[in-house]
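Trainee: Provided herewith: final.cif, mmCIF, C-alpha atoms.
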data_target
#
loop_
_atom_site.label_atom_id
_atom_site.label_comp_id
_atom_site.auth_asym_id
_atom_site.auth_seq_id
_atom_site.Cartn_x
_atom_site.Cartn_y
_atom_site.Cartn_z
CA MET A 20 53.05 63.77 -4.95
CA ARG A 21 49.76 65.63 -4.67
CA HIS A 22 51.02 68.00 -1.99
CA HIS A 23 53.99 69.33 -3.91
CA LEU A 24 52.69 72.71 -5.00
CA ILE A 25 55.65 73.64 -7.21
CA LEU A 26 55.58 70.31 -9.05
CA ARG A 27 51.85 70.59 -9.63
CA VAL A 28 51.99 74.13 -10.99
CA ILE A 29 55.05 73.53 -13.16
CA SER A 30 53.72 70.28 -14.59
CA LYS A 31 50.35 71.91 -15.30
CA LEU A 32 52.23 74.59 -17.21
CA LEU A 33 54.46 72.14 -19.07
CA ILE A 34 52.06 69.35 -20.04
CA PRO A 35 50.20 71.31 -22.76
CA PHE A 36 53.51 72.26 -24.34
CA ILE A 37 54.80 68.69 -24.16
CA MET A 38 51.65 67.54 -25.97
CA LEU A 39 51.93 70.33 -28.52
CA PHE A 40 55.57 69.41 -29.11
CA ALA A 41 54.54 65.78 -29.60
CA LEU A 42 52.03 66.82 -32.24
CA TYR A 43 54.70 68.96 -33.92
CA VAL A 44 57.12 66.02 -33.96
CA GLN A 45 54.33 63.80 -35.28
CA PHE A 46 53.21 65.93 -38.19
CA HIS A 47 56.49 67.64 -38.97
CA GLY A 48 58.42 64.37 -39.09
CA ASP A 49 58.55 64.55 -42.89
CA TYR A 50 60.56 67.76 -42.78
CA GLY A 51 62.48 67.70 -39.51
CA PRO A 52 63.78 65.09 -37.13
CA GLY A 53 61.16 62.93 -35.53
CA GLY A 54 58.29 60.75 -36.53
CA GLY A 55 55.53 58.62 -35.16
CA PHE A 56 57.59 56.67 -32.67
CA GLN A 57 59.20 59.67 -31.01
CA ALA A 58 55.95 61.63 -31.03
CA GLY A 59 54.10 58.72 -29.46
CA VAL A 60 56.66 58.42 -26.69
CA ILE A 61 56.56 62.17 -26.00
CA PHE A 62 52.77 62.25 -25.96
CA GLY A 63 52.67 59.21 -23.71
CA SER A 64 55.20 60.76 -21.34
CA ALA A 65 53.00 63.86 -21.00
CA ILE A 66 50.17 61.66 -19.70
CA ILE A 67 52.65 59.72 -17.52
CA VAL A 68 53.85 62.99 -15.97
CA TYR A 69 50.24 63.87 -15.25
CA ALA A 70 49.69 60.47 -13.65
CA LEU A 71 52.87 60.82 -11.56
CA VAL A 72 51.97 64.25 -10.21
CA PHE A 73 48.18 64.12 -9.92
CA GLY A 74 47.73 60.44 -9.19
CA LEU A 75 46.76 57.42 -11.22
CA ASP A 76 43.02 57.77 -10.65
CA ASN A 77 42.88 61.28 -12.05
CA ALA A 78 44.88 60.22 -15.09
CA GLN A 79 42.56 57.28 -15.69
CA LYS A 80 39.60 59.65 -15.64
CA ILE A 81 41.13 61.36 -18.69
CA ILE A 82 41.90 58.19 -20.58
CA SER A 83 40.48 54.88 -19.39
CA GLU A 84 42.17 51.53 -19.78
CA SER A 85 39.55 50.26 -22.20
CA MET A 86 40.13 53.38 -24.31
CA LEU A 87 43.86 52.63 -24.27
CA GLY A 88 43.23 49.09 -25.45
CA PHE A 89 41.12 50.47 -28.27
CA LEU A 90 43.83 52.98 -29.27
CA ILE A 91 46.58 50.32 -29.21
CA ALA A 92 44.65 48.32 -31.79
CA LEU A 93 43.53 51.39 -33.73
CA GLY A 94 47.06 52.54 -34.58
CA LEU A 95 48.11 49.15 -35.91
CA LEU A 96 44.85 48.84 -37.85
CA LEU A 97 45.40 52.28 -39.36
CA TYR A 98 48.87 51.26 -40.52
CA ALA A 99 47.71 47.96 -41.99
CA GLY A 100 44.61 49.67 -43.35
CA VAL A 101 46.76 52.03 -45.39
CA GLY A 102 48.49 48.97 -46.79
CA PHE A 103 45.21 47.37 -47.79
CA ALA A 104 43.92 50.68 -49.19
CA THR A 105 46.91 50.82 -51.52
CA MET A 106 46.18 47.24 -52.58
CA LEU A 107 42.54 48.13 -53.29
CA LYS A 108 43.67 51.05 -55.41
CA GLY A 109 45.74 48.74 -57.53
CA GLY A 110 49.22 49.11 -56.08
CA ASN A 111 51.39 46.84 -53.98
CA PHE A 112 50.95 46.54 -50.22
CA LEU A 113 52.11 49.86 -48.65
CA ASP A 114 52.90 51.37 -52.05
CA TYR A 115 51.66 54.90 -51.23
CA SER A 116 52.09 56.30 -54.72
CA VAL A 117 48.63 55.16 -55.79
CA LEU A 118 46.85 56.89 -52.89
CA SER A 119 46.63 60.19 -54.71
CA GLY A 120 46.69 61.35 -58.31
CA ASP A 121 50.12 62.86 -57.83
CA PHE A 122 53.01 60.49 -57.18
CA ILE A 123 54.69 62.64 -54.50
CA ALA A 124 51.39 63.68 -52.86
CA GLY A 125 50.43 60.02 -52.51
CA GLN A 126 53.71 59.26 -50.77
CA HIS A 127 53.20 62.23 -48.42
CA LEU A 128 49.67 61.13 -47.54
CA GLY A 129 50.72 57.54 -47.01
CA ILE A 130 53.66 58.45 -44.80
CA LEU A 131 51.51 60.85 -42.77
CA LEU A 132 48.83 58.21 -42.12
CA VAL A 133 51.31 55.48 -41.37
CA GLU A 134 53.24 57.67 -38.93
CA LEU A 135 49.97 58.62 -37.28
CA GLY A 136 49.23 54.94 -36.77
CA VAL A 137 52.69 54.40 -35.26
CA GLY A 138 52.21 57.41 -32.97
CA ILE A 139 48.79 56.32 -31.70
CA THR A 140 49.89 52.78 -30.91
CA VAL A 141 53.19 53.78 -29.29
CA ALA A 142 51.59 56.46 -27.10
CA ALA A 143 48.80 54.13 -26.01
CA VAL A 144 51.21 51.26 -25.29
CA MET A 145 53.52 53.47 -23.21
CA VAL A 146 50.64 54.84 -21.14
CA ALA A 147 49.02 51.41 -20.78
CA ILE A 148 52.28 49.83 -19.57
CA PHE A 149 52.78 52.61 -17.05
CA PHE A 150 49.17 52.39 -15.85
CA SER A 151 49.38 48.65 -15.35
CA PHE A 152 52.69 48.94 -13.47
CA ALA A 153 51.47 51.77 -11.25
CA GLY A 154 48.05 50.19 -10.69
CA ARG A 155 49.63 46.89 -9.77
CA GLY A 156 51.78 48.57 -7.14
CA ALA A 157 48.75 50.18 -5.51
CA GLY A 158 46.78 46.93 -5.53
CA ASP A 159 49.67 44.95 -4.06
CA SER A 160 50.22 47.20 -1.09
CA GLN A 161 46.57 46.95 -0.13
CA GLU A 162 46.48 43.19 -0.54
CA ASP A 163 49.67 42.74 1.43
CA LYS A 164 48.30 44.70 4.32
CA ALA A 165 44.98 42.89 4.49
CA PRO A 166 45.78 39.15 4.82
CA HIS A 167 49.19 39.09 6.53
CA MET B 59 69.15 57.58 -12.43
CA LEU B 60 72.56 56.65 -13.82
CA SER B 61 71.05 54.94 -16.85
CA SER B 62 68.95 58.03 -17.48
CA ILE B 63 72.04 60.25 -17.44
CA TYR B 64 73.83 57.74 -19.65
CA SER B 65 70.98 57.85 -22.16
CA LEU B 66 71.01 61.63 -22.18
CA LEU B 67 74.77 61.64 -22.84
CA MET B 68 74.29 59.07 -25.61
CA ALA B 69 71.63 61.33 -27.11
CA GLY B 70 74.20 64.14 -27.11
CA ILE B 71 76.70 61.87 -28.86
CA PHE B 72 74.09 60.97 -31.50
CA VAL B 73 73.45 64.68 -32.12
CA VAL B 74 77.17 65.22 -32.59
CA LEU B 75 77.19 62.30 -35.06
CA ASP B 76 74.32 63.97 -37.00
CA ALA B 77 71.89 61.18 -36.17
CA VAL B 78 69.17 63.49 -34.90
CA ASP B 79 66.31 61.01 -35.16
CA VAL B 80 68.17 58.40 -33.12
CA ALA B 81 69.10 61.06 -30.57
CA PHE B 82 65.45 62.01 -30.32
CA THR B 83 64.43 58.44 -29.63
CA GLU B 84 67.24 57.90 -27.16
CA ALA B 85 66.35 61.04 -25.20
CA ALA B 86 62.62 60.30 -25.16
CA VAL B 87 62.74 56.55 -24.53
CA GLY B 88 66.05 55.98 -22.76
CA ALA B 89 66.16 59.05 -20.57
CA GLY B 90 62.42 59.45 -20.13
CA ILE B 91 60.06 56.50 -20.31
CA SER B 92 62.40 53.63 -19.48
CA THR B 93 63.60 55.38 -16.32
CA VAL B 94 60.02 55.82 -15.15
CA LEU B 95 59.25 52.18 -15.97
CA MET B 96 62.45 51.06 -14.20
CA LEU B 97 61.47 52.99 -11.08
CA SER B 98 57.93 51.62 -11.12
CA THR B 99 59.34 48.12 -11.51
CA LEU B 100 61.62 48.70 -8.53
CA SER B 101 58.64 49.85 -6.49
CA LEU B 102 56.92 46.52 -7.24
CA THR B 103 59.81 44.34 -6.11
CA ALA B 104 60.51 43.40 -2.53
CA SER B 105 63.46 44.84 -0.65
CA ARG B 106 65.00 41.44 0.11
CA GLU B 107 66.20 38.80 -2.29
CA LYS B 108 64.58 35.38 -2.21
CA ILE B 109 66.90 32.59 -1.13
CA HIS B 110 67.51 30.16 -3.97
CA THR B 111 67.70 26.47 -3.15
CA HIS B 112 69.43 25.42 -6.39
CA THR B 113 72.67 26.65 -7.93
CA PRO B 114 72.13 28.21 -11.37
CA VAL B 115 74.85 26.29 -13.26
CA LEU B 116 72.93 25.67 -16.49
CA PRO B 117 71.74 29.29 -16.93
CA VAL B 118 75.30 30.54 -16.38
CA ILE B 119 76.63 28.15 -19.03
CA ILE B 120 73.91 29.22 -21.51
CA VAL B 121 74.56 32.91 -20.86
CA LEU B 122 78.33 32.52 -21.24
CA ALA B 123 77.97 30.46 -24.42
CA THR B 124 75.57 33.00 -25.95
CA GLY B 125 77.86 35.86 -24.99
CA ALA B 126 80.88 34.11 -26.49
CA LEU B 127 78.93 33.48 -29.71
CA LEU B 128 77.91 37.13 -29.92
CA ILE B 129 81.49 38.33 -29.37
CA TYR B 130 82.67 35.82 -32.00
CA GLY B 131 80.07 37.30 -34.35
CA THR B 132 81.46 40.82 -33.93
CA LEU B 133 84.87 39.62 -35.18
CA GLY B 134 83.39 39.29 -38.68
CA MET B 135 82.12 42.87 -38.75
CA PRO B 136 83.98 45.51 -40.73
CA GLU B 137 86.26 47.90 -38.93
CA PHE B 138 84.55 50.76 -37.09
CA GLY B 139 84.16 53.85 -39.24
CA LEU B 140 85.25 52.13 -42.45
CA THR B 141 83.73 53.90 -45.46
CA MET B 142 84.11 50.84 -47.68
CA ALA B 143 81.90 48.73 -45.39
CA PRO B 144 79.07 46.86 -47.18
CA ILE B 145 76.41 48.92 -45.43
CA HIS B 146 77.61 52.05 -47.25
CA GLN B 147 77.86 50.31 -50.62
CA HIS B 148 74.58 48.46 -51.05
CA VAL B 149 71.31 50.44 -50.96
CA ALA B 150 72.45 53.52 -49.04
CA PRO B 151 73.72 55.43 -52.12
CA ARG B 152 70.44 54.77 -53.91
CA TYR B 153 68.41 56.05 -50.98
CA ILE B 154 70.55 59.18 -50.78
CA ASN B 155 70.39 59.89 -54.50
CA VAL B 156 66.87 58.87 -55.47
CA SER B 157 64.67 59.27 -52.39
CA PRO B 158 64.20 63.08 -52.74
CA ILE B 159 62.84 62.46 -56.26
CA GLU B 160 60.87 59.29 -55.54
CA ILE B 161 59.35 60.18 -52.19
CA GLY B 162 59.77 63.95 -52.01
CA VAL B 163 60.20 63.98 -48.24
CA PRO B 164 63.14 66.06 -47.01
CA ASN B 165 63.77 63.87 -43.95
CA MET B 166 65.41 60.81 -45.46
CA VAL B 167 65.03 58.77 -42.28
CA THR B 168 61.26 59.16 -42.45
CA SER B 169 61.13 58.25 -46.13
CA ILE B 170 63.22 55.12 -45.60
CA LEU B 171 61.40 53.98 -42.47
CA ALA B 172 57.86 54.68 -43.62
CA SER B 173 58.03 54.10 -47.35
CA TYR B 174 60.99 51.99 -48.49
CA ARG B 175 60.85 49.84 -45.39
CA GLY B 176 57.16 50.01 -44.71
CA TYR B 177 57.01 46.27 -44.03
CA ASP B 178 59.77 46.57 -41.44
CA THR B 179 58.02 49.40 -39.67
CA LEU B 180 54.71 47.53 -39.75
CA GLY B 181 56.51 44.61 -38.15
CA GLU B 182 58.05 46.88 -35.51
CA LEU B 183 54.66 48.33 -34.73
CA THR B 184 53.29 44.80 -34.40
CA VAL B 185 56.12 44.04 -31.94
CA ILE B 186 55.18 47.09 -29.86
CA PHE B 187 51.51 46.11 -30.07
CA THR B 188 52.27 42.56 -28.95
CA ALA B 189 54.51 43.78 -26.13
CA GLY B 190 51.84 46.16 -24.89
CA ILE B 191 49.13 43.51 -25.02
CA SER B 192 51.36 40.98 -23.20
CA VAL B 193 52.20 43.44 -20.43
CA LEU B 194 48.52 44.23 -20.03
CA LEU B 195 47.64 40.53 -19.91
CA LEU B 196 50.34 39.82 -17.32
CA LEU B 197 49.85 42.79 -15.04
CA ARG B 198 46.22 43.80 -15.37
CA ARG B 199 44.83 40.48 -14.14
CA ARG B 200 45.12 41.37 -10.49
CA ARG B 201 43.17 44.60 -10.83
CA ARG B 202 40.04 42.82 -12.03
CA ARG B 203 39.36 41.33 -8.59
CA THR B 204 36.93 43.20 -6.44
CA PRO B 205 38.72 45.13 -3.70
CA GLY B 206 36.52 43.73 -0.91
CA THR B 207 37.64 40.11 -1.33
CA PRO B 208 41.27 39.60 -0.27
CA THR B 209 41.45 35.96 -1.42
CA GLY B 210 41.17 35.46 -5.14
CA PRO B 211 40.45 31.71 -5.41
CA VAL B 212 37.26 32.02 -3.38
CA ALA B 213 35.84 34.69 -5.63
CA LYS B 214 36.93 32.98 -8.85
CA PRO B 215 34.48 30.01 -9.06
CA ASP B 216 31.54 32.40 -8.73
CA THR B 217 32.57 34.48 -11.73
CA SER B 218 33.41 31.47 -13.90
CA GLY B 219 30.09 29.82 -13.01
CA GLY B 220 28.30 33.01 -13.94
CA ASP B 221 30.06 33.07 -17.30
CA GLN B 222 29.09 29.49 -18.10
CA ALA B 223 25.47 30.07 -17.16
#
Taking this structure as input, can you express it in the form of structure tokens?

Mentor:
Amino acid sequence: MRHHLILRVISKLLIPFIMLFALYVQFHGDYGPGGGFQAGVIFGSAIIVYALVFGLDNAQKIISESMLGFLIALGLLLYAGVGFATMLKGGNFLDYSVLSGDFIAGQHLGILLVELGVGITVAAVMVAIFFSFAGRGAGDSQEDKAPH
Amino acid sequence: MLSSIYSLLMAGIFVVLDAVDVAFTEAAVGAGISTVLMLSTLSLTASREKIHTHTPVLPVIIVLATGALLIYGTLGMPEFGLTMAPIHQHVAPRYINVSPIEIGVPNMVTSILASYRGYDTLGELTVIFTAGISVLLLLRRRRRRTPGTPTGPVAKPDTSGGDQA
């Protein structure tokens, strides 16, 4: 799709706003609709749109597959880490109230961190799945042509 | 294409039903990502079906039995839209009444998912993590081969020997 000028220009215009909207959904999820899962999917779809329009190789220059693998684990570790942090501070697992001096502020902090973990993992998984599907297609067509 | 439109319509229905978070997810996942993944899956498959030598009797029986069991299970569910259903009587009133004081988060869906049901959400995230890792393990394998060698088995003993040494 590299030769479609309109698609390239429009997607270049839209992708920053899609990412910004994902961040809004991520960090405003306490007050409005949304949360980590939705934000992760939206952020991932921004990178997928980039990969669709500008090609898989260009997208993988931005975020490599090893980086994606790292991010997939990082989100889950952040979530579980919050749970263990609450245990170290004397509460139950994932009992956010002990994270801060104030009861409500602790809950806010815990929810924010946990949702961030969800968002990171979901975005990375979505992009990684798309990359592996798209990369597999490219590899197959070359291999099919060569031996047969 | 049709499933994408269907998901978008479902998202509209969820908005009408005041389930904004679900509508959000449906629009982003159903109409967006899953359509892209469906199309990329279609691009991986061949255009002709493989000819099967055996007749799939046992799978059909299993599928029909499971379907019948699931339909039988729905018979025990309360009537659609019933306000006296157990789901509205058990913990839902407590969440609605106490969560603004206990959690202080205006979006009740977030407070339930992230705080009251933190274990559940951790489990869901683990499911997503596992799914992502499995897809990577299944599909990434082929990309590790060097592009110059068209036959994999010839190149493989060299790499494994190098690892052992």

Trainee: Chain B near chain A within 9 Å: what's each residue's closest atom pair and its distance in Å to one decimal, counting only C-alpha atoms, ordered by chain then ascending residue number, as JSON lines?

Mentor:
{"residue": "B:Val78", "atom": "CA", "partner": "A:Pro52", "partner_atom": "CA", "distance": 6.0}
{"residue": "B:Asp79", "atom": "CA", "partner": "A:Pro52", "partner_atom": "CA", "distance": 5.2}
{"residue": "B:Val80", "atom": "CA", "partner": "A:Gly53", "partner_atom": "CA", "distance": 8.7}
{"residue": "B:Phe82", "atom": "CA", "partner": "A:Gln57", "partner_atom": "CA", "distance": 6.7}
{"residue": "B:Thr83", "atom": "CA", "partner": "A:Gln57", "partner_atom": "CA", "distance": 5.5}
{"residue": "B:Ala86", "atom": "CA", "partner": "A:Ile61", "partner_atom": "CA", "distance": 6.4}
{"residue": "B:Val87", "atom": "CA", "partner": "A:Val60", "partner_atom": "CA", "distance": 6.7}
{"residue": "B:Gly90", "atom": "CA", "partner": "A:Ser64", "partner_atom": "CA", "distance": 7.4}
{"residue": "B:Ile91", "atom": "CA", "partner": "A:Ser64", "partner_atom": "CA", "distance": 6.5}
{"residue": "B:Val94", "atom": "CA", "partner": "A:Phe149", "partner_atom": "CA", "distance": 8.1}
{"residue": "B:Leu95", "atom": "CA", "partner": "A:Phe149", "partner_atom": "CA", "distance": 6.6}
{"residue": "B:Ser98", "atom": "CA", "partner": "A:Phe152", "partner_atom": "CA", "distance": 6.3}
{"residue": "B:Thr99", "atom": "CA", "partner": "A:Phe152", "partner_atom": "CA", "distance": 7.0}
{"residue": "B:Ser101", "atom": "CA", "partner": "A:Gly156", "partner_atom": "CA", "distance": 7.0}
{"residue": "B:Leu102", "atom": "CA", "partner": "A:Gly156", "partner_atom": "CA", "distance": 5.5}
{"residue": "B:Ile159", "atom": "CA", "partner": "A:Ile123", "partner_atom": "CA", "distance": 8.3}
{"residue": "B:Glu160", "atom": "CA", "partner": "A:Ile123", "partner_atom": "CA", "distance": 7.1}
{"residue": "B:Ile161", "atom": "CA", "partner": "A:Ile123", "partner_atom": "CA", "distance": 5.8}
{"residue": "B:Gly162", "atom": "CA", "partner": "A:Ile123", "partner_atom": "CA", "distance": 5.8}
{"residue": "B:Val163", "atom": "CA", "partner": "A:Asp49", "partner_atom": "CA", "distance": 5.6}
{"residue": "B:Pro164", "atom": "CA", "partner": "A:Tyr50", "partner_atom": "CA", "distance": 5.2}
{"residue": "B:Asn165", "atom": "CA", "partner": "A:Tyr50", "partner_atom": "CA", "distance": 5.2}
{"residue": "B:Met166", "atom": "CA", "partner": "A:Asp49", "partner_atom": "CA", "distance": 8.2}
{"residue": "B:Val167", "atom": "CA", "partner": "A:Pro52", "partner_atom": "CA", "distance": 8.2}
{"residue": "B:Thr168", "atom": "CA", "partner": "A:Asp49", "partner_atom": "CA", "distance": 6.0}
{"residue": "B:Ser169", "atom": "CA", "partner": "A:Asp49", "partner_atom": "CA", "distance": 7.5}
{"residue": "B:Ala172", "atom": "CA", "partner": "A:Ile130", "partner_atom": "CA", "distance": 5.8}
{"residue": "B:Ser173", "atom": "CA", "partner": "A:Ile130", "partner_atom": "CA", "distance": 6.7}
{"residue": "B:Tyr174", "atom": "CA", "partner": "A:Asp114", "partner_atom": "CA", "distance": 8.9}
{"residue": "B:Gly176", "atom": "CA", "partner": "A:Leu113", "partner_atom": "CA", "distance": 6.4}
{"residue": "B:Tyr177", "atom": "CA", "partner": "A:Leu113", "partner_atom": "CA", "distance": 7.6}
{"residue": "B:Thr179", "atom": "CA", "partner": "A:Val137", "partner_atom": "CA", "distance": 8.5}
{"residue": "B:Leu180", "atom": "CA", "partner": "A:Tyr98", "partner_atom": "CA", "distance": 7.0}
{"residue": "B:Leu183", "atom": "CA", "partner": "A:Val137", "partner_atom": "CA", "distance": 6.4}
{"residue": "B:Thr184", "atom": "CA", "partner": "A:Leu95", "partner_atom": "CA", "distance": 6.9}
{"residue": "B:Ile186", "atom": "CA", "partner": "A:Val141", "partner_atom": "CA", "distance": 7.0}
{"residue": "B:Phe187", "atom": "CA", "partner": "A:Ile91", "partner_atom": "CA", "distance": 6.5}
{"residue": "B:Ala189", "atom": "CA", "partner": "A:Val144", "partner_atom": "CA", "distance": 8.2}
{"residue": "B:Gly190", "atom": "CA", "partner": "A:Val144", "partner_atom": "CA", "distance": 5.2}
{"residue": "B:Ile191", "atom": "CA", "partner": "A:Val144", "partner_atom": "CA", "distance": 8.0}
{"residue": "B:Val193", "atom": "CA", "partner": "A:Ile148", "partner_atom": "CA", "distance": 6.4}
{"residue": "B:Leu194", "atom": "CA", "partner": "A:Ser151", "partner_atom": "CA", "distance": 6.5}
{"residue": "B:Leu197", "atom": "CA", "partner": "A:Ser151", "partner_atom": "CA", "distance": 5.9}
{"residue": "B:Arg198", "atom": "CA", "partner": "A:Ser151", "partner_atom": "CA", "distance": 5.8}
{"residue": "B:Arg200", "atom": "CA", "partner": "A:Arg155", "partner_atom": "CA", "distance": 7.2}
{"residue": "B:Arg201", "atom": "CA", "partner": "A:Gly158", "partner_atom": "CA", "distance": 6.8}
{"residue": "B:Pro205", "atom": "CA", "partner": "A:Gly158", "partner_atom": "CA", "distance": 8.5}
{"residue": "B:Pro208", "atom": "CA", "partner": "A:Glu162", "partner_atom": "CA", "distance": 6.3}
{"residue": "B:Thr209", "atom": "CA", "partner": "A:Pro166", "partner_atom": "CA", "distance": 8.2}

Trainee: Please work out which residues fall within 6 Å of (51.3, 64.9, -21.7), coordinates as given in the file, with only C-alpha atoms counting, and return them as an NGL selection string.

Mentor: :A and (34 or 37-38 or 62 or 64-66)

Trainee: Rounded to one decimal place, report the atom CA of Leu97 of chain B-atom CA of Ser62 of chain B distance in Å.

Mentor: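 Computing it gives 11.1 Å between the two atoms.
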
Trainee: Atom CA of Leu33 of chain A and atom CA of Ala70 of chain A are how many Å apart?

Mentor: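 Interatomic distance, atom CA of Leu33 of chain A to atom CA of Ala70 of chain A: 13.7 Å.
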
Trainee: Suppose a student applies the PyMOL selection byres ((chain B and resi 64) around 12) to this structure; what residues should they get, written as a list in words?

Mentor: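 On the file shown, the PyMOL selection byres ((chain B and resi 64) around 12) covers Met59, Leu60, Ser61, Ser62, Ile63, Ser65, Leu66, Leu67, Met68, Ala69, Gly70, Ile71, Glu84, Ala85, Gly88, Ala89, Gly90 and Thr93 of chain B.
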
Trainee: Atom CA of Asn111 of chain A and atom CA of Gln45 of chain A, how far apart in Å?

Mentor: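 Taking atom CA of Gln45 of chain A and atom CA of Asn111 of chain A, their separation equals 25.4 Å.
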